[in-house]
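Structure record follows, encoded as structure tokens.
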Amino acid sequence: MATSDTLSSRRYVGLFCGCAAGALLLVSTVNYQVDPYLLHQWDSPLLQRLQPTREKLSVWGKTYAVARYRPAVVYIGNSRTEMGLPAGVRELFDGKTVFNSAVSGASIGDAMLLARHAARVSHVDTMVWGIDAPSFSMEQGSAGIEPGLTDEGPAFFARRALLNVKRGLTVDMTQDSLRLLQGNFGSVCLSSLALHGQRDHRCFSDRIKGWGGTAPAMVPRLQEFGDGAGPTPDALQAFDATVGKLCRDGTRLRLYVNPTHAMTMDVLYWRGKWPAMEQWQGDITRLAERHRAQGCDLRLVDFSGFNSITSEAIPQFGGRREMRYYWEASHYRDNVGRMILSRLFGGDSGTVPDDFGIELRSENLAAHQAAMRAARDRFHQDHPQETAFVRKLITLPRVRQ
């Protein structure tokens, strides 16, 4: 009797385990085939499938795509670079392949992981890297770079397949696969992968409308910029090491300071962060010159501050309802991105204002910083409403979107 009960229990446990394994296999297979987040796609029909406005796990898709595509030119940075730098400009790079590997929410620490990953999985000829002082820290951003996505080691695609299978067993991915199959996933815009890494403007335009337009979006973006933890010394040290490795590998580097709206710089000023920003400018200028002296093809260009592009009027004070150069205070449009690329690589430089984009070198740094301070003071005189708006804004409770 005991033996019969034992055999029955074993059969029950075996049947249960078999059913559970079968169910997990089915879930994983469905998620792998449906692939709602495009974790393992490149140059496939699925890239033309419309997505919700907020891309989930975009860093998963980009780390996989850059390994498949193996572009010669790679953009690195946070959402400002991801949205602002167009990838469809191969004529600037003699027809070489271009991919925008910047990721929303990336700190400089996150961006370094993505830069090193791109250099490992592709023969990167040129890297264009957008930086700014507030995000220049080693704090983990909201980019979602999970362990394993950018690890060194052989057999990248085999390791990545295992990660994808593991991700396919999660509840949220299963729910989104079912929503997609039922037609309830959200059909608004293309994945960034369909545009070689640049965010589809329809995604952000829809989100802006959901926030009530450009004007309401200004406050949280300005506050967010001022809240950034950077620049930090440990980030500078790690950035120096990453730049050095890229230089030794023969990568041509073009570093640029993001042209966020002038009011973002004013936020730094009124929050007492201007001296730290100027110190950071000096640090990265000296870093660039040291690597150039060692033979690296590297340029550093500052597009930030108070110039004819960044000082565009905002909707609150006489500007257009939708701005010409900006989505809101933090993110510039790709017409500005084209100006950045033209200044960095030539192109149609006649369309770029003379005051937009100053190459930083030791011999002009002091003059550049003095000019920025003078332009800031003129901005305060010429734009008293914007100045009062910023001064009040830094005392308000934080707005989250």
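Simple scheme: letters A, B, ... for chains in structure tokens order, numbers from 1 for residues in each chain, numbers from 1 for ligands in the order shown.
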For this session: Apply DSSP to the structure's backbone, then extract all residues of segment 39-257 of chain A labelled helix (DSSP H, G or I) and return them as an MDAnalysis selection string.
Result: chainID A and resid 45:48 58:69 79:84 90:93 108:121 156:167 171:182 192:195 201:210 214:227 233:248
Set out as CSV a contact list for segment 110-203 of chain A and segment 35-52 of chain A with a cut-off of 8 Å, giving each residue of segment 110-203 of chain A that qualifies its closest atom pair and distance in Å to one decimal, counting only C-alpha atoms, ordered by chain and rising residue number.
residue,atom,partner,partner_atom,distance
A:Asn164,CA,A:Leu39,CA,7.1
A:Met173,CA,A:Pro36,CA,7.3
A:Asp176,CA,A:Pro36,CA,6.4
A:Ser177,CA,A:Pro36,CA,5.6
A:Leu180,CA,A:Pro36,CA,7.0
A:Phe185,CA,A:Pro52,CA,6.7
A:Gly186,CA,A:Pro52,CA,4.6
A:Ser187,CA,A:Leu50,CA,4.8
A:Val188,CA,A:Pro52,CA,5.6
A:Cys189,CA,A:Leu50,CA,5.1
A:Leu190,CA,A:Leu50,CA,4.9
A:Ser191,CA,A:Gln51,CA,6.3
A:Leu193,CA,A:Leu47,CA,6.6
A:Ala194,CA,A:Leu47,CA,5.3
A:Cys203,CA,A:Pro52,CA,7.5
For this session: Tell me which protein, DNA and RNA residues are within 7 Å of segment 113-129 of chain A, counting only C-alpha atoms, leaving out same-chain ones fewer than 6 positions away, and put them as a PyMOL selection string.
Result: chain A and resi 66-67+70-77+150+251-256
Using only C-alpha atoms, tabulate the residues of segment 157-216 of chain A lying at most 9 Å from any atom of segment 328-332 of chain A, each with its closest atom pair and that distance in Å to one decimal, by chain and increasing residue number, as CSV.
residue,atom,partner,partner_atom,distance
A:Ile208,CA,A:Glu328,CA,8.7
A:Thr214,CA,A:Glu328,CA,5.8
A:Ala215,CA,A:Glu328,CA,7.6
For this session: Kindly indicate which residue among A:Arg324, A:Lys166, A:His261, A:Arg299 lies nearest to Ser28 of chain A, using only C-alpha atoms for the distances.
Result: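 Using only C-alpha atoms, the shortest distance to Ser28 of chain A belongs to A:Lys166.
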Exercise. DSSP says strand (DSSP E or B) for which residues of segment 173-279 of chain A? Put them as a PyMOL selection string?
Worked result: chain A and resi 189+252-257
Can I get the selection written as a compact mmCIF listing (two decimals), in the first residue's frame, with N, CA, C and O atoms?
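After the write, part18.txt holds the following:
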# COMPACT_ATOMS: atom_id res chain seq x y z
N CYS A 189 3.27 55.10 -32.54
CA CYS A 189 4.49 55.50 -33.24
C CYS A 189 5.40 54.28 -33.45
O CYS A 189 5.18 53.22 -32.87
N ARG A 252 37.33 57.74 -33.64
CA ARG A 252 37.25 59.20 -33.73
C ARG A 252 36.12 59.65 -32.82
O ARG A 252 34.99 59.17 -32.93
N LEU A 253 36.40 60.61 -31.93
CA LEU A 253 35.43 61.03 -30.93
C LEU A 253 35.03 62.49 -31.15
O LEU A 253 35.89 63.36 -31.33
N ARG A 254 33.72 62.71 -31.12
CA ARG A 254 33.18 64.07 -31.15
C ARG A 254 32.26 64.22 -29.94
O ARG A 254 31.16 63.67 -29.91
N LEU A 255 32.74 64.93 -28.94
CA LEU A 255 31.97 65.18 -27.73
C LEU A 255 31.29 66.54 -27.85
O LEU A 255 31.90 67.49 -28.35
N TYR A 256 30.05 66.61 -27.43
CA TYR A 256 29.38 67.91 -27.47
C TYR A 256 28.51 68.09 -26.24
O TYR A 256 27.93 67.14 -25.72
N VAL A 257 28.45 69.33 -25.77
CA VAL A 257 27.59 69.68 -24.64
C VAL A 257 26.21 70.00 -25.18
O VAL A 257 26.06 70.85 -26.07
Where does segment 42-132 of chain A meet segment 300-321 of chain A within 10 Å, residue by residue, with the nearest atom pair and distance in Å to one decimal for each, counting only C-alpha atoms, listed by chain and rising number, as JSON lines?
{"residue": "A:Trp129", "atom": "CA", "partner": "A:Leu300", "partner_atom": "CA", "distance": 9.5}
{"residue": "A:Gly130", "atom": "CA", "partner": "A:Val301", "partner_atom": "CA", "distance": 9.8}
{"residue": "A:Ile131", "atom": "CA", "partner": "A:Asp302", "partner_atom": "CA", "distance": 9.5}
{"residue": "A:Asp132", "atom": "CA", "partner": "A:Ser304", "partner_atom": "CA", "distance": 8.7}
Exercise. Can you tell me how far atom CA of Asp249 of chain A sits from atom CA of Leu298 of chain A, in Å to one decimal?
Worked result: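 Separating atom CA of Asp249 of chain A from atom CA of Leu298 of chain A is a distance of 12.8 Å.
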For this session: Measuring atom to atom with only C-alpha atoms, identify which of A:Arg90, A:Arg167, A:Arg286, A:Arg398 is nearest to Trp60 of chain A.
Result: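 Nearest to Trp60 of chain A: A:Arg167.
The list of residues with at least one atom within 10 Å of Leu25 of chain A, based on only C-alpha atoms and without residues fewer than 5 positions apart in the same chain, reads Cys19, Ala20, Val30, Asn31, Val165, Gly168 and Leu169 of chain A.
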